[in-house]
$ cat query37.csv   # CSV, C-alpha atoms
chain,number,residue,atom,x,y,z
A,28,MET,CA,-9.7,-1.6,-21.7
A,29,GLN,CA,-12.9,-2.8,-20.1
A,30,LYS,CA,-14.8,-0.5,-17.7
A,31,GLY,CA,-14.3,-3.0,-14.8
A,32,SER,CA,-10.5,-2.8,-15.3
A,33,VAL,CA,-10.6,1.0,-15.1
A,34,ASN,CA,-12.7,0.9,-12.0
A,35,HIS,CA,-10.4,-1.6,-10.4
A,36,GLN,CA,-7.4,0.5,-11.2
A,37,ARG,CA,-9.1,3.7,-9.9
A,38,ASP,CA,-10.0,1.8,-6.7
A,39,HIS,CA,-6.5,0.5,-6.3
A,40,TRP,CA,-4.9,4.0,-6.7
A,41,ASP,CA,-7.5,5.7,-4.5
A,42,ALA,CA,-6.7,3.2,-1.7
A,43,THR,CA,-3.0,3.6,-2.3
A,44,TYR,CA,-3.0,7.4,-2.2
A,45,GLU,CA,-5.4,7.5,0.8
A,46,ALA,CA,-3.1,5.2,2.7
A,47,THR,CA,0.2,7.1,1.8
A,48,LEU,CA,0.0,10.8,1.3
A,49,ASP,CA,3.4,10.9,-0.3
A,50,PHE,CA,3.4,7.6,-2.2
A,51,PHE,CA,6.0,8.8,-4.8
A,52,GLY,CA,7.6,11.3,-2.4
A,53,HIS,CA,7.5,15.1,-2.1
A,54,GLU,CA,10.3,16.0,-4.5
A,55,PRO,CA,9.6,16.4,-8.2
A,56,SER,CA,10.6,13.4,-10.3
A,57,GLU,CA,13.7,13.5,-12.5
A,58,PHE,CA,11.5,13.1,-15.5
A,59,GLY,CA,9.4,16.1,-14.4
A,60,LYS,CA,12.5,18.2,-13.9
A,61,GLY,CA,13.7,17.3,-17.4
A,62,ALA,CA,10.3,18.0,-18.9
A,63,MET,CA,10.3,21.4,-17.2
A,64,ARG,CA,13.7,22.3,-18.7
A,65,THR,CA,12.4,21.3,-22.1
A,66,PHE,CA,9.2,23.3,-21.7
A,67,GLN,CA,11.2,26.4,-20.6
A,68,ALA,CA,13.6,26.0,-23.5
A,69,ASN,CA,10.8,25.9,-25.9
A,70,GLY,CA,8.7,28.8,-24.4
A,71,ALA,CA,5.8,26.6,-23.2
A,72,LYS,CA,3.4,28.4,-20.9
A,73,LYS,CA,0.6,25.8,-20.5
A,74,ILE,CA,0.9,22.1,-19.5
A,75,LEU,CA,-1.7,19.3,-19.7
A,76,GLU,CA,-0.5,16.7,-17.3
A,77,LEU,CA,-2.1,13.3,-17.7
A,78,GLY,CA,-1.8,10.9,-14.8
A,79,CYS,CA,-0.6,13.6,-12.4
A,80,GLY,CA,-0.9,11.4,-9.3
A,81,GLN,CA,-0.5,13.3,-6.0
A,82,GLY,CA,1.0,16.2,-7.9
A,83,ARG,CA,4.7,16.4,-7.0
A,84,ASP,CA,5.6,17.4,-10.6
A,85,THR,CA,2.4,19.5,-10.9
A,86,ILE,CA,3.4,21.7,-7.9
A,87,MET,CA,6.9,22.2,-9.4
A,88,PHE,CA,5.4,23.3,-12.7
A,89,LEU,CA,3.0,25.7,-10.9
A,90,LYS,CA,5.8,27.2,-8.8
A,91,HIS,CA,7.7,27.9,-12.0
A,92,GLY,CA,4.9,29.9,-13.5
A,93,PHE,CA,3.3,27.4,-15.8
A,94,GLU,CA,-0.5,27.2,-16.3
A,95,VAL,CA,-1.3,23.5,-15.5
A,96,VAL,CA,-4.3,21.4,-16.1
A,97,ALA,CA,-3.7,18.1,-14.2
A,98,LEU,CA,-5.8,15.0,-14.7
A,99,ASP,CA,-5.9,11.7,-12.9
A,100,TYR,CA,-8.6,9.1,-12.5
A,101,SER,CA,-7.9,8.8,-8.8
A,102,GLU,CA,-10.1,11.2,-6.9
A,103,ALA,CA,-7.9,10.7,-3.8
A,104,ALA,CA,-4.9,11.9,-5.8
A,105,ILE,CA,-6.7,15.0,-7.1
A,106,ARG,CA,-7.9,15.9,-3.6
A,107,HIS,CA,-4.3,15.7,-2.3
A,108,LEU,CA,-3.0,17.7,-5.2
A,109,LEU,CA,-5.6,20.5,-4.7
A,110,GLU,CA,-4.6,20.6,-1.0
A,111,GLN,CA,-0.9,20.9,-1.9
A,112,ALA,CA,-1.6,23.6,-4.5
A,113,LYS,CA,-3.6,25.6,-1.9
A,114,GLU,CA,-0.8,25.2,0.7
A,115,ALA,CA,1.8,26.3,-1.9
A,116,GLY,CA,-0.3,29.3,-2.8
A,117,THR,CA,-0.8,28.3,-6.4
A,118,ARG,CA,-3.8,28.1,-8.6
A,119,GLU,CA,-4.7,24.9,-10.4
A,120,GLU,CA,-7.4,23.2,-12.4
A,121,ALA,CA,-7.6,19.5,-11.7
A,122,GLY,CA,-9.9,16.7,-12.8
A,123,GLY,CA,-10.7,13.2,-12.0
A,124,GLU,CA,-12.2,10.4,-14.2
A,125,GLY,CA,-15.3,12.3,-15.1
A,126,ALA,CA,-13.7,15.7,-15.7
$ encode --input "query37.csv" --output "structure tokens"
Amino acid sequence: MQKGSVNHQRDHWDATYEATLDFFGHEPSEFGKGAMRTFQANGAKKILELGCGQGRDTIMFLKHGFEVVALDYSEAAIRHLLEQAKEAGTREEAGGEGA
């Protein structure tokens, strides 16, 4: 993928997430819930979440005791996620494109 395409995508998602704080909703996704059950069944403790968006699944993972490193190239998404993690009383490491 060309650098310009990545920048265009990042700009698109930054604008989208800044305009709508709950673009995908507040509730965890069905995929995230299923992944959590699989992680629990297999004794996973740490999760690397790529493309975490605004963090609706990330927050669920944190609340269930997982150690999560969440990455997204949208800085706006990461800012929102960190605010949610703080409000939920969870700790999280998160990174944007340069992380």
$ atom_distance --input "query37.csv" --atom1 "atom CA of A:Asp99" --atom2 "atom CA of A:Arg64"
23.0 Å
$ atom_distance --input "query37.csv" --atom1 "atom CA of A:Ala71" --atom2 "atom CA of A:Ile86"
16.2 Å
$ closest_residue --input "query37.csv" --among "A:His107, A:His39, A:Lys60, A:Lys113" --to "A:Gly82" --atoms "all atoms listed in the file"
A:His107
$ axis_aligned_box --input "query37.csv" --around "stretch 86-95 of chain A" --padding-each-side "8 Å" --output "JSON"
{"center_x": 3.2, "center_y": 25.8, "center_z": -12.1, "size_x": 25.0, "size_y": 24.2, "size_z": 24.4}
$ closest_residue --input "query37.csv" --among "A:Thr85, A:Ala112, A:His91, A:Gly80" --to "A:Phe50" --atoms "all atoms listed in the file"
A:Gly80
$ atom_distance --input "query37.csv" --atom1 "atom CA of A:Glu76" --atom2 "atom CA of A:Arg106"
15.6 Å
$ closest_residue --input "query37.csv" --among "A:Gly59, A:Gly70, A:Gly78, A:Gly52" --to "A:Ala104" --atoms "all atoms listed in the file"
A:Gly78
$ closest_residue --input "query37.csv" --among "A:Arg83, A:Phe88, A:Ala46, A:Ala97" --to "A:Gln67" --atoms "only C-alpha atoms"
A:Phe88
$ closest_residue --input "query37.csv" --among "A:Ala62, A:Leu89, A:Ala68, A:Ile74" --to "A:Gln111" --atoms "only C-alpha atoms"
A:Leu89
$ decode --input "query37.csv" --residues "stretch 38-115 of chain A" --atoms "C-alpha atoms" --output "mmCIF file, in the first residue's frame"
data_model
loop_
_atom_site.group_PDB
_atom_site.id
_atom_site.type_symbol
_atom_site.label_atom_id
_atom_site.label_comp_id
_atom_site.auth_asym_id
_atom_site.auth_seq_id
_atom_site.Cartn_x
_atom_site.Cartn_y
_atom_site.Cartn_z
ATOM 1 C CA ASP A 38 -7.379 11.042 7.889
ATOM 2 C CA HIS A 39 -10.723 9.445 6.982
ATOM 3 C CA TRP A 40 -10.937 7.484 10.243
ATOM 4 C CA ASP A 41 -9.707 10.399 12.361
ATOM 5 C CA ALA A 42 -12.488 12.574 10.923
ATOM 6 C CA THR A 43 -15.061 9.800 11.338
ATOM 7 C CA TYR A 44 -14.154 9.059 14.954
ATOM 8 C CA GLU A 45 -13.938 12.739 15.874
ATOM 9 C CA ALA A 46 -17.414 13.338 14.440
ATOM 10 C CA THR A 47 -19.022 10.302 16.112
ATOM 11 C CA LEU A 48 -17.680 9.219 19.496
ATOM 12 C CA ASP A 49 -19.470 5.872 19.316
ATOM 13 C CA PHE A 50 -19.230 5.127 15.602
ATOM 14 C CA PHE A 51 -19.514 1.346 16.120
ATOM 15 C CA GLY A 52 -21.557 1.672 19.325
ATOM 16 C CA HIS A 53 -20.711 1.185 22.976
ATOM 17 C CA GLU A 54 -21.420 -2.508 23.290
ATOM 18 C CA PRO A 55 -18.715 -5.070 22.462
ATOM 19 C CA SER A 56 -18.989 -6.688 19.051
ATOM 20 C CA GLU A 57 -20.206 -10.264 18.654
ATOM 21 C CA PHE A 58 -16.797 -11.119 17.202
ATOM 22 C CA GLY A 59 -15.082 -9.627 20.256
ATOM 23 C CA LYS A 60 -17.331 -11.581 22.625
ATOM 24 C CA GLY A 61 -16.558 -14.798 20.767
ATOM 25 C CA ALA A 62 -12.843 -14.043 20.778
ATOM 26 C CA MET A 63 -12.971 -13.419 24.522
ATOM 27 C CA ARG A 64 -14.602 -16.804 25.131
ATOM 28 C CA THR A 65 -11.871 -18.451 23.038
ATOM 29 C CA PHE A 66 -9.134 -16.566 24.907
ATOM 30 C CA GLN A 67 -10.623 -17.581 28.261
ATOM 31 C CA ALA A 68 -11.030 -21.225 27.221
ATOM 32 C CA ASN A 69 -7.375 -21.343 26.165
ATOM 33 C CA GLY A 70 -5.950 -19.562 29.199
ATOM 34 C CA ALA A 71 -4.802 -16.447 27.344
ATOM 35 C CA LYS A 72 -3.745 -13.544 29.556
ATOM 36 C CA LYS A 73 -2.419 -11.025 27.026
ATOM 37 C CA ILE A 74 -4.042 -9.668 23.874
ATOM 38 C CA LEU A 75 -2.576 -7.658 21.021
ATOM 39 C CA GLU A 76 -5.527 -5.971 19.362
ATOM 40 C CA LEU A 77 -4.795 -4.603 15.896
ATOM 41 C CA GLY A 78 -7.249 -2.057 14.513
ATOM 42 C CA CYS A 79 -8.931 -1.483 17.876
ATOM 43 C CA GLY A 80 -10.904 1.555 16.710
ATOM 44 C CA GLN A 81 -12.562 3.383 19.583
ATOM 45 C CA GLY A 82 -12.083 0.402 21.858
ATOM 46 C CA ARG A 83 -15.463 -1.159 22.504
ATOM 47 C CA ASP A 84 -13.922 -4.655 22.497
ATOM 48 C CA THR A 85 -10.719 -3.463 24.173
ATOM 49 C CA ILE A 86 -12.614 -2.163 27.199
ATOM 50 C CA MET A 87 -14.462 -5.486 27.504
ATOM 51 C CA PHE A 88 -11.158 -7.394 27.426
ATOM 52 C CA LEU A 89 -9.684 -5.104 30.093
ATOM 53 C CA LYS A 90 -12.729 -5.456 32.337
ATOM 54 C CA HIS A 91 -12.339 -9.241 32.151
ATOM 55 C CA GLY A 92 -8.756 -9.065 33.372
ATOM 56 C CA PHE A 93 -6.805 -9.376 30.152
ATOM 57 C CA GLU A 94 -3.631 -7.385 29.592
ATOM 58 C CA VAL A 95 -4.254 -5.558 26.314
ATOM 59 C CA VAL A 96 -2.028 -3.689 23.912
ATOM 60 C CA ALA A 97 -4.353 -1.970 21.445
ATOM 61 C CA LEU A 98 -3.176 -0.406 18.197
ATOM 62 C CA ASP A 99 -4.902 1.715 15.598
ATOM 63 C CA TYR A 100 -3.555 4.211 13.091
ATOM 64 C CA SER A 101 -6.293 6.678 13.978
ATOM 65 C CA GLU A 102 -5.002 9.004 16.664
ATOM 66 C CA ALA A 103 -8.599 10.114 17.355
ATOM 67 C CA ALA A 104 -9.616 6.512 18.048
ATOM 68 C CA ILE A 105 -6.712 5.993 20.448
ATOM 69 C CA ARG A 106 -7.512 9.223 22.327
ATOM 70 C CA HIS A 107 -11.133 8.103 22.720
ATOM 71 C CA LEU A 108 -10.054 4.640 23.828
ATOM 72 C CA LEU A 109 -7.686 6.011 26.465
ATOM 73 C CA GLU A 110 -10.459 8.252 27.820
ATOM 74 C CA GLN A 111 -12.812 5.259 28.023
ATOM 75 C CA ALA A 112 -10.163 3.108 29.719
ATOM 76 C CA LYS A 113 -9.581 5.819 32.311
ATOM 77 C CA GLU A 114 -13.318 6.222 32.949
ATOM 78 C CA ALA A 115 -13.669 2.452 33.306
#
